[in-house]
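The next block is final.txt, given as compact mmCIF, C-alpha atoms and all ligand atoms.
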```txt
# COMPACT_ATOMS: atom_id res chain seq x y z
CA MET A 13 68.89 -41.52 -30.54
CA THR A 14 65.45 -42.83 -31.33
CA ASP A 15 65.70 -46.38 -32.53
CA LYS A 16 64.67 -49.23 -30.30
CA LYS A 17 68.16 -50.30 -29.33
CA ASP A 18 69.15 -46.80 -28.29
CA ILE A 19 66.07 -46.14 -26.16
CA LEU A 20 66.34 -49.48 -24.39
CA ALA A 21 70.06 -48.85 -23.82
CA LEU A 22 69.24 -45.47 -22.27
CA ILE A 23 66.67 -47.02 -19.95
CA GLU A 24 69.28 -49.56 -18.86
CA LYS A 25 71.86 -46.83 -18.35
CA ALA A 26 69.44 -44.85 -16.18
CA GLU A 27 68.53 -47.94 -14.16
CA THR A 28 72.09 -49.06 -13.53
CA THR A 29 74.08 -45.82 -13.29
CA HIS A 30 71.42 -43.24 -12.25
CA GLU A 31 73.19 -40.75 -14.53
CA LEU A 32 71.96 -39.33 -17.83
CA THR A 33 72.86 -36.27 -19.88
CA LYS A 34 70.23 -33.66 -20.66
CA ASP A 35 69.91 -34.94 -24.25
CA GLU A 36 69.42 -38.47 -23.00
CA ILE A 37 66.70 -37.35 -20.56
CA VAL A 38 64.95 -35.50 -23.38
CA ALA A 39 65.12 -38.59 -25.63
CA LEU A 40 63.44 -40.71 -22.97
CA LEU A 41 60.81 -38.08 -22.11
CA ILE A 42 59.72 -37.74 -25.74
CA ASP A 43 59.75 -41.45 -26.53
CA THR A 44 56.28 -42.96 -26.53
CA GLU A 45 57.10 -46.46 -27.78
CA TYR A 46 58.92 -47.84 -24.74
CA GLU A 47 57.00 -46.17 -21.95
CA ALA A 48 56.10 -49.53 -20.40
CA GLU A 49 59.80 -50.51 -20.20
CA PHE A 50 60.69 -47.07 -18.85
CA PHE A 51 58.07 -47.18 -16.08
CA ALA A 52 59.01 -50.78 -15.22
CA ALA A 53 62.64 -49.71 -14.73
CA ALA A 54 61.55 -46.88 -12.38
CA ASP A 55 59.42 -49.36 -10.44
CA ARG A 56 62.37 -51.76 -10.06
CA VAL A 57 64.63 -48.94 -8.84
CA ARG A 58 61.95 -47.86 -6.36
CA ARG A 59 61.70 -51.40 -5.00
CA MET A 60 65.48 -51.87 -4.81
CA TYR A 61 66.22 -48.56 -3.03
CA VAL A 62 63.15 -47.73 -0.92
CA GLY A 63 61.27 -51.04 -0.83
CA ASP A 64 57.58 -51.86 -0.95
CA GLU A 65 56.47 -49.70 1.97
CA VAL A 66 54.42 -46.59 1.27
CA HIS A 67 54.77 -43.65 3.65
CA LEU A 68 51.60 -41.74 4.45
CA ARG A 69 51.85 -38.06 5.38
CA GLY A 70 48.69 -36.41 6.74
CA LEU A 71 48.12 -33.08 5.00
CA ILE A 72 46.67 -30.12 6.94
CA GLU A 73 45.75 -27.20 4.67
CA PHE A 74 45.69 -24.57 7.40
CA SER A 75 45.24 -21.31 5.47
CA ASN A 76 44.15 -20.48 1.92
CA THR A 77 45.19 -16.84 2.34
CA CYS A 78 48.15 -15.84 0.20
CA LYS A 79 50.07 -12.64 -0.45
CA GLN A 80 51.51 -14.03 -3.70
CA ASN A 81 49.89 -13.95 -7.09
CA CYS A 82 51.13 -17.02 -9.01
CA LEU A 83 49.20 -17.04 -12.27
CA TYR A 84 48.44 -20.77 -12.10
CA CYS A 85 47.11 -20.98 -8.54
CA GLY A 86 43.54 -20.68 -7.34
CA LEU A 87 44.71 -19.20 -4.03
CA ARG A 88 46.46 -16.22 -5.69
CA ARG A 89 45.69 -12.93 -3.96
CA ASP A 90 43.80 -11.43 -6.92
CA ASN A 91 41.31 -14.29 -6.99
CA LYS A 92 38.39 -12.52 -5.35
CA LYS A 93 36.13 -15.57 -5.66
CA VAL A 94 37.95 -17.44 -2.90
CA ASN A 95 36.30 -17.54 0.49
CA ARG A 96 39.45 -17.12 2.60
CA TYR A 97 39.99 -19.02 5.85
CA ARG A 98 42.74 -19.70 8.33
CA LEU A 99 42.61 -22.35 11.04
CA GLY A 100 43.40 -21.33 14.59
CA PRO A 101 46.34 -23.00 16.36
CA GLU A 102 43.98 -25.16 18.48
CA THR A 103 42.24 -26.48 15.37
CA ILE A 104 45.59 -27.25 13.71
CA LEU A 105 46.68 -29.12 16.83
CA ASP A 106 43.35 -30.95 16.95
CA PHE A 107 43.75 -32.09 13.31
CA ALA A 108 47.35 -33.17 14.03
CA THR A 109 46.18 -35.17 17.07
CA LYS A 110 43.54 -36.87 14.93
CA ALA A 111 46.14 -37.54 12.21
CA LYS A 112 48.17 -39.38 14.83
CA SER A 113 45.09 -41.39 15.84
CA TYR A 114 44.66 -42.50 12.19
CA GLY A 115 48.20 -43.86 12.33
CA TYR A 116 50.03 -41.14 10.40
CA ARG A 117 53.62 -40.55 11.53
CA THR A 118 54.04 -37.22 9.73
CA VAL A 119 51.86 -34.16 9.30
CA VAL A 120 52.40 -31.74 6.44
CA LEU A 121 51.39 -28.17 7.31
CA GLN A 122 50.59 -26.38 4.06
CA SER A 123 49.23 -22.89 3.34
CA GLY A 124 49.43 -19.86 1.14
CA GLU A 125 52.03 -17.29 2.12
CA ASP A 126 49.99 -15.93 5.02
CA GLU A 127 51.71 -13.36 7.24
CA TRP A 128 49.06 -13.78 9.95
CA PHE A 129 51.04 -16.83 11.05
CA ASP A 130 54.09 -15.00 12.32
CA VAL A 131 57.25 -16.73 13.56
CA ALA A 132 56.05 -16.97 17.17
CA ALA A 133 52.73 -18.51 16.15
CA MET A 134 54.36 -21.07 13.87
CA VAL A 135 57.04 -21.96 16.42
CA ASP A 136 54.34 -22.57 19.02
CA ILE A 137 52.35 -24.81 16.65
CA ILE A 138 55.46 -26.77 15.62
CA LYS A 139 56.53 -27.35 19.23
CA LYS A 140 53.09 -28.58 20.26
CA ILE A 141 52.83 -30.98 17.32
CA LYS A 142 56.33 -32.30 18.02
CA GLU A 143 55.17 -33.23 21.52
CA LEU A 144 52.83 -35.72 19.83
CA GLY A 145 55.85 -37.57 18.43
CA LEU A 146 55.02 -36.74 14.83
CA ALA A 147 57.45 -35.67 12.13
CA ILE A 148 56.56 -32.27 10.65
CA THR A 149 56.83 -31.17 7.05
CA LEU A 150 56.27 -27.48 6.35
CA SER A 151 55.04 -26.13 3.01
CA VAL A 152 54.44 -22.45 3.69
CA GLY A 153 56.50 -20.70 1.03
CA GLU A 154 59.50 -18.38 0.90
CA LYS A 155 60.86 -16.99 4.18
CA PRO A 156 64.06 -15.29 5.29
CA ARG A 157 66.77 -17.68 6.51
CA GLU A 158 66.29 -16.70 10.16
CA VAL A 159 62.63 -17.71 9.95
CA TYR A 160 63.55 -21.10 8.53
CA GLN A 161 66.11 -21.34 11.35
CA ALA A 162 63.42 -20.67 13.96
CA TYR A 163 61.13 -23.33 12.44
CA ARG A 164 64.01 -25.81 12.41
CA ASP A 165 64.99 -25.01 16.01
CA ALA A 166 61.36 -25.57 17.03
CA GLY A 167 61.58 -29.09 15.61
CA ALA A 168 60.29 -29.01 12.01
CA ASP A 169 61.88 -31.87 10.11
CA ARG A 170 61.20 -31.28 6.44
CA TYR A 171 60.35 -28.42 4.09
CA LEU A 172 58.61 -28.51 0.73
CA LEU A 173 59.17 -25.66 -1.70
CA ARG A 174 58.76 -26.53 -5.35
CA ILE A 175 61.02 -24.70 -7.76
CA GLU A 176 57.98 -25.08 -10.09
CA THR A 177 60.26 -24.68 -13.15
CA THR A 178 63.99 -24.20 -13.60
CA ASP A 179 63.28 -21.88 -16.55
CA LYS A 180 63.98 -18.62 -14.72
CA ALA A 181 62.26 -16.33 -17.25
CA LEU A 182 59.17 -18.55 -17.29
CA TYR A 183 59.11 -18.74 -13.48
CA GLU A 184 59.26 -14.97 -13.14
CA LYS A 185 56.53 -14.54 -15.76
CA LEU A 186 54.19 -16.96 -13.98
CA ASP A 187 55.05 -15.86 -10.43
CA PRO A 188 54.92 -12.07 -10.76
CA GLY A 189 56.91 -10.18 -8.15
CA MET A 190 58.88 -13.27 -7.17
CA SER A 191 62.53 -13.96 -7.93
CA TRP A 192 63.80 -17.33 -9.14
CA ASP A 193 67.20 -16.64 -7.59
CA ASN A 194 65.56 -16.04 -4.23
CA ARG A 195 63.65 -19.30 -4.53
CA VAL A 196 66.93 -21.16 -5.11
CA LYS A 197 68.45 -19.32 -2.13
CA CYS A 198 65.52 -20.46 0.02
CA LEU A 199 66.15 -24.07 -1.07
CA GLN A 200 69.83 -23.72 -0.20
CA ASP A 201 69.01 -22.24 3.21
CA ILE A 202 66.55 -25.05 3.91
CA LYS A 203 69.18 -27.63 3.02
CA GLU A 204 71.95 -25.98 5.05
CA LEU A 205 69.72 -25.74 8.11
CA GLY A 206 69.35 -29.51 8.15
CA PHE A 207 65.76 -29.92 7.00
CA GLU A 208 64.97 -32.73 4.63
CA LEU A 209 64.61 -30.76 1.43
CA GLY A 210 61.60 -31.18 -0.80
CA THR A 211 61.16 -29.46 -4.12
CA GLY A 212 59.56 -30.29 -7.47
CA SER A 213 57.91 -29.07 -10.63
CA LEU A 214 54.60 -28.25 -12.20
CA VAL A 215 54.36 -30.15 -15.47
CA GLY A 216 52.58 -28.54 -18.41
CA ILE A 217 52.65 -24.87 -17.52
CA PRO A 218 52.33 -22.73 -20.65
CA GLY A 219 55.71 -22.03 -22.24
CA GLN A 220 57.48 -25.01 -20.64
CA THR A 221 59.55 -27.27 -22.91
CA ILE A 222 60.71 -30.88 -22.61
CA GLU A 223 64.26 -29.49 -22.39
CA SER A 224 63.32 -27.43 -19.38
CA LEU A 225 61.73 -30.48 -17.73
CA ALA A 226 65.04 -32.30 -18.28
CA ASP A 227 66.78 -29.34 -16.60
CA ASP A 228 64.35 -29.69 -13.68
CA VAL A 229 65.40 -33.29 -13.04
CA LEU A 230 69.08 -32.37 -13.28
CA PHE A 231 68.40 -29.51 -10.86
CA PHE A 232 66.81 -31.92 -8.34
CA LYS A 233 69.94 -34.04 -8.57
CA SER A 234 72.29 -31.08 -8.19
CA MET A 235 70.41 -30.00 -5.04
CA ASP A 236 70.56 -33.54 -3.62
CA ALA A 237 66.87 -33.14 -2.77
CA ASP A 238 65.38 -35.62 -0.31
CA MET A 239 61.82 -35.45 -1.68
CA ILE A 240 60.50 -34.51 -5.10
CA GLY A 241 56.86 -33.73 -5.82
CA VAL A 242 55.93 -33.54 -9.48
CA GLY A 243 52.39 -32.85 -10.57
CA PRO A 244 50.44 -31.75 -13.62
CA PHE A 245 49.41 -28.12 -13.90
CA ILE A 246 45.59 -28.11 -13.90
CA PRO A 247 44.13 -24.81 -15.17
CA ASN A 248 41.87 -23.00 -12.74
CA PRO A 249 38.97 -21.06 -14.34
CA ASP A 250 39.39 -18.19 -11.85
CA THR A 251 43.02 -17.47 -12.82
CA PRO A 252 44.71 -15.79 -15.80
CA LEU A 253 45.73 -19.25 -17.09
CA ALA A 254 42.09 -20.41 -17.29
CA GLY A 255 42.15 -21.16 -21.02
CA GLU A 256 45.48 -23.00 -21.12
CA ALA A 257 45.82 -26.68 -21.96
CA GLY A 258 47.38 -27.88 -18.70
CA GLY A 259 49.71 -30.81 -18.09
CA THR A 260 48.97 -34.46 -18.74
CA PHE A 261 49.00 -37.39 -16.38
CA GLU A 262 51.34 -39.33 -18.66
CA LEU A 263 54.02 -36.65 -18.91
CA SER A 264 53.85 -35.92 -15.17
CA THR A 265 54.45 -39.58 -14.34
CA LYS A 266 57.27 -39.69 -16.88
CA VAL A 267 59.05 -36.81 -15.18
CA MET A 268 58.39 -38.50 -11.83
CA ALA A 269 59.74 -41.87 -13.06
CA MET A 270 62.81 -40.12 -14.47
CA THR A 271 63.32 -38.55 -11.04
CA ARG A 272 63.22 -42.02 -9.43
CA LEU A 273 65.76 -43.34 -11.93
CA LEU A 274 68.22 -40.51 -11.32
CA LEU A 275 67.63 -39.96 -7.57
CA PRO A 276 66.98 -43.58 -6.60
CA ASP A 277 66.80 -43.35 -2.79
CA ILE A 278 64.60 -40.29 -2.26
CA ASN A 279 60.95 -40.02 -1.23
CA ILE A 280 58.56 -39.35 -4.09
CA PRO A 281 54.83 -38.73 -3.58
CA ALA A 282 52.06 -39.93 -5.84
CA THR A 283 50.51 -36.48 -6.02
CA THR A 284 46.90 -35.46 -5.51
CA ALA A 285 46.92 -33.58 -8.83
CA MET A 286 47.82 -36.81 -10.65
CA GLU A 287 44.74 -38.53 -9.25
CA SER A 288 42.64 -35.48 -10.03
CA LEU A 289 43.39 -36.16 -13.74
CA ASN A 290 43.22 -39.95 -13.62
CA PRO A 291 41.01 -41.94 -11.19
CA GLN A 292 43.80 -44.53 -10.82
CA GLY A 293 46.46 -41.83 -10.72
CA ARG A 294 48.05 -42.48 -7.33
CA VAL A 295 48.14 -46.26 -7.73
CA LEU A 296 49.70 -45.90 -11.17
CA ALA A 297 52.20 -43.39 -9.81
CA LEU A 298 53.10 -45.84 -7.02
CA GLN A 299 53.85 -48.36 -9.78
CA ARG A 300 55.96 -45.85 -11.71
CA GLY A 301 58.40 -44.82 -9.00
CA ALA A 302 56.45 -43.18 -6.15
CA ASN A 303 56.62 -44.38 -2.51
CA VAL A 304 54.67 -41.68 -0.60
CA VAL A 305 51.04 -40.54 -0.46
CA MET A 306 49.78 -37.43 1.32
CA PRO A 307 46.13 -38.02 2.32
CA ASN A 308 44.20 -34.96 3.41
CA VAL A 309 43.45 -34.70 7.14
CA THR A 310 41.82 -31.26 6.93
CA GLU A 311 38.19 -31.49 8.05
CA GLY A 312 34.90 -30.03 6.94
CA GLU A 313 34.35 -27.18 4.49
CA TYR A 314 38.02 -26.16 4.47
CA ARG A 315 38.84 -28.92 1.99
CA GLN A 316 36.56 -27.31 -0.56
CA LEU A 317 38.02 -23.87 0.06
CA TYR A 318 41.63 -24.92 -0.54
CA LEU A 319 40.99 -25.12 -4.25
CA LEU A 320 44.19 -24.74 -6.22
CA TYR A 321 42.56 -26.23 -9.31
CA PRO A 322 39.18 -27.73 -10.28
CA GLY A 323 38.46 -31.44 -9.84
CA LYS A 324 40.62 -31.82 -6.74
CA ILE A 325 39.98 -35.24 -5.21
CA CYS A 326 38.66 -35.94 -1.71
CA ILE A 327 37.06 -32.51 -1.16
CA ASN A 328 33.82 -34.13 0.08
CA ASP A 329 35.46 -36.94 2.04
CA THR A 330 36.42 -37.26 5.69
CA PRO A 331 39.95 -37.98 6.96
CA ALA A 332 38.79 -41.39 8.23
CA HIS A 333 37.39 -42.28 4.82
CA CYS A 334 40.58 -41.18 3.04
CA ARG A 335 42.68 -43.25 5.43
CA SER A 336 40.80 -46.46 4.68
CA CYS A 337 40.47 -45.62 0.97
CA ILE A 338 44.20 -45.13 0.47
CA THR A 339 45.12 -48.12 2.62
CA GLY A 340 42.88 -50.28 0.42
CA LYS A 341 44.52 -48.96 -2.73
CA ILE A 342 48.02 -49.56 -1.39
CA GLN A 343 47.24 -53.08 -0.22
CA GLY A 344 45.40 -53.76 -3.47
CA ILE A 345 48.70 -53.53 -5.36
CA GLY A 346 50.56 -55.72 -2.89
CA ARG A 347 52.27 -52.87 -1.07
CA LYS A 348 52.29 -52.08 2.63
CA VAL A 349 51.68 -48.92 4.67
CA ALA A 350 54.91 -48.01 6.49
CA GLU A 351 54.92 -47.60 10.25
CA THR A 352 58.09 -45.53 10.53
CA HIS A 353 58.54 -41.77 10.18
CA GLY A 354 59.85 -42.35 6.68
CA PHE A 355 62.97 -40.22 6.54
CA ARG A 356 65.22 -40.64 3.53
CA VAL A 357 67.82 -43.36 3.99
CA LYS A 358 70.75 -42.48 1.75
CA ARG A 359 71.84 -45.49 -0.26
CA ALA A 360 72.82 -44.15 -3.64
N1 LIG B 1 52.31 -21.42 -0.93
C1 LIG B 1 53.26 -22.48 -0.86
C2 LIG B 1 54.10 -22.54 -2.10
O1 LIG B 1 53.70 -22.00 -3.12
O2 LIG B 1 55.19 -23.14 -2.03
C3 LIG B 1 52.63 -23.82 -0.59
C4 LIG B 1 51.23 -24.03 -1.10
S1 LIG B 1 51.08 -24.10 -2.88
C5 LIG B 1 49.34 -24.15 -3.06
C6 LIG B 1 51.61 -25.78 -3.21
C7 LIG B 1 51.80 -26.14 -4.66
O3 LIG B 1 50.56 -26.13 -5.36
C8 LIG B 1 52.67 -25.22 -5.47
O4 LIG B 1 54.04 -25.46 -5.27
C9 LIG B 1 52.21 -25.52 -6.91
O5 LIG B 1 53.14 -26.36 -7.60
C10 LIG B 1 50.88 -26.25 -6.71
N2 LIG B 1 49.81 -25.66 -7.55
C11 LIG B 1 49.37 -24.41 -7.52
N3 LIG B 1 48.43 -24.20 -8.48
C12 LIG B 1 48.30 -25.38 -9.14
C13 LIG B 1 47.50 -25.80 -10.27
N4 LIG B 1 46.68 -24.97 -10.89
N5 LIG B 1 47.65 -27.08 -10.69
C14 LIG B 1 48.47 -27.94 -10.04
N6 LIG B 1 49.24 -27.59 -8.99
C15 LIG B 1 49.16 -26.32 -8.54
FE1 LIG B 2 50.36 -18.59 -2.99
FE2 LIG B 2 51.66 -20.94 -3.16
FE3 LIG B 2 49.44 -20.45 -4.64
FE4 LIG B 2 51.71 -19.15 -5.24
S1 LIG B 2 51.37 -21.41 -5.36
S2 LIG B 2 49.64 -18.23 -5.06
S3 LIG B 2 52.60 -18.86 -3.19
S4 LIG B 2 49.56 -20.62 -2.43
FE1 LIG B 3 40.39 -39.44 -0.13
FE2 LIG B 3 40.37 -41.87 -1.53
S1 LIG B 3 42.04 -40.84 -0.48
S2 LIG B 3 38.66 -40.55 -0.94
```
As structure tokens, please, write out the structure in this file.
Ligand code: SAM
Ligand code: SF4
Ligand code: FES
Amino acid sequence: MTDKKDILALIEKAETTHELTKDEIVALLIDTEYEAEFFAAADRVRRMYVGDEVHLRGLIEFSNTCKQNCLYCGLRRDNKKVNRYRLGPETILDFATKAKSYGYRTVVLQSGEDEWFDVAAMVDIIKKIKELGLAITLSVGEKPREVYQAYRDAGADRYLLRIETTDKALYEKLDPGMSWDNRVKCLQDIKELGFELGTGSLVGIPGQTIESLADDVLFFKSMDADMIGVGPFIPNPDTPLAGEAGGTFELSTKVMAMTRLLLPDINIPATTAMESLNPQGRVLALQRGANVVMPNVTEGEYRQLYLLYPGKICINDTPAHCRSCITGKIQGIGRKVAETHGFRVKRA
């Protein structure tokens, strides 16, 4: 399955049927000769199914406190070098109000798994932000079903919880104390409760194979996910994975483009981690299948303290600067900033 005719036939099959076997996905992910054709096919599918508009979601990183200990993450509880913070509800609401004033239609509330924000506190924050007319995406980790239910009842629209890897043994090695089966159960609960479901993978974690990345994409399809965030693993010097190689920009965008080909109508962000590895990373990702960007709307020193990995972009910039910067980049490639809430429209 490696000669020219076969690879081009596989790209055409992916583009026209949106179905590939695991072996076929692997063949395309390892091919380096026809990457340009592969990315062009993902870009055509993006345009055909979700159009030229780019949805902006304003990201509020409201707490860097975490009870978990994921080996790859700078916020892990054993990282004593982190200066921990949590934003009060009024500050979160203030940042959401400003996000609205910059023209964002969605805010993403992201944090470590921080028990200080109990159900009542989160429900109150969600309700107040909903009064602004914004869509809300939550990215706050694993919770019991009844907690997800309470968030949903309060008005949260979407939930992001990356599976990180579908290799169960690898997941449980890198996320000590956590259970892969429970993570899948959380994703199922989120889906059943009527959230738009977001998941995704970390590309390049030590021990991951191309076969397991192919499994990841098939998993996204089996879950009928509405949003998929794929990003490179970037080693953090203050974690046990400090000396590891990390993921590459190219492979991350290949997994992302494959996701667009097989789940043609979903929302796919050009991730911050991609641009942290490549100065043109988000624009390139938007030309390889992505249709969403999540600019940071957190203000002040907090941006620097939410340091998952080194080299994170925008940590010294203001929300206003990021808004005009990303708008310029989007318009610079002939695309347009969307003015709708940007929910998935099922077409496939
Ligand atoms: N605590 C929540 C969770 O884990 O789902 C949400 C916040 S967590 C910081 C968001 C994502 O950051 C994770 O799903 C993980 O994929 C990503 N991440 C963590 N450490 C990273 C690293 N070193 N390089 C790239 N991405 C990383
Ligand atoms: Fe905590 Fe999420 Fe980082 Fe894991 S990835 S340590 S759960 S913030
Ligand atoms: Fe933050 Fe460009 S998006 S500086």
So which one's closest to A:Thr339, A:Gly210, A:Gly167, A:Pro307, A:Gly323? Using only C-alpha atoms, please.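 The closest residue to A:Thr339 is A:Pro307.
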Can you work out which residues are within 7 Å of ligand LIG 3 (chain B), considering only C-alpha atoms and all ligand atoms, and then hand them over as number ranges by chain? A: 307-308, 325-326, 329, 333-335, 337-338
Residues within 10 Å of A:Asp193, please, as a compact mmCIF listing (two decimals) with C-alpha atoms, keeping the file's coordinate frame. Count all atoms listed in the file; anything in the same chain fewer than 5 positions from it doesn't count.
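Writing done, so here's part.txt:
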```txt
# COMPACT_ATOMS: atom_id res chain seq x y z
CA LYS A 180 63.98 -18.62 -14.72
CA GLU A 184 59.26 -14.97 -13.14
CA CYS A 198 65.52 -20.46 0.02
CA LEU A 199 66.15 -24.07 -1.07
```
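Across A:Glu24, A:Asp15, A:Glu49, A:Asp90, the tightest approach to ligand LIG 2 (chain B) is made by A:Asp90 when counting all atoms listed in the file.
Neighbours of A:Val62 closer than or equal to 12 Å, with all atoms listed in the file counted and sequence neighbours fewer than 5 positions away skipped, come out as Ala54, Asp55, Arg56, Val57, His67, Arg272, Leu275, Pro276, Asp277, Ile278, Asn279, Ile280, Leu298, Gly301, Ala302, Asn303, Val304, Ala350, Gly354, Phe355, Arg356, Val357, Lys358, Arg359 and Ala360 of chain A.
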Pick out the closest residue to ligand LIG 2 (chain B) from this set: A:Tyr183, A:Tyr84, A:Phe107, A:Tyr61. Count only C-alpha atoms and all ligand atoms.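 Closest to ligand LIG 2 (chain B), using only C-alpha atoms and all ligand atoms: A:Tyr84.
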Could you give me, as a PyMOL selection string, every polymer residue with an atom at most 10 Å away from an atom of ligand LIG 2 (chain B), counting all atoms listed in the file? chain A and resi 75-91+122-126+151-154+173-174+176+186-188+190+318-320
Have a look at atom CA of A:His30 and atom CA of A:Arg294 and let me know their distance in Å, one decimal. 23.9 Å
With distances taken over only C-alpha atoms, the candidate from A:Val229, A:Ile217, A:Ile202, A:Leu150 nearest A:Leu182 is A:Ile217
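If you measure from each of A:Gly145, A:Gly219, A:Gly115, A:Pro244 to ligand LIG 1 (chain B) using only C-alpha atoms and all ligand atoms, the closest one turns out to be A:Pro244.
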For the atom pair atom CA of A:Thr330 and atom CA of A:Glu311, what is the interatomic distance in Å to one decimal place?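 We find that atom CA of A:Thr330 and atom CA of A:Glu311 lie 6.5 Å from each other.
Comparing the minimum interatomic distances between A:Lys233 and each of A:Leu172, A:Val309, A:Val119, A:Met270, counting all atoms listed in the file, we find that A:Met270 sits nearest.
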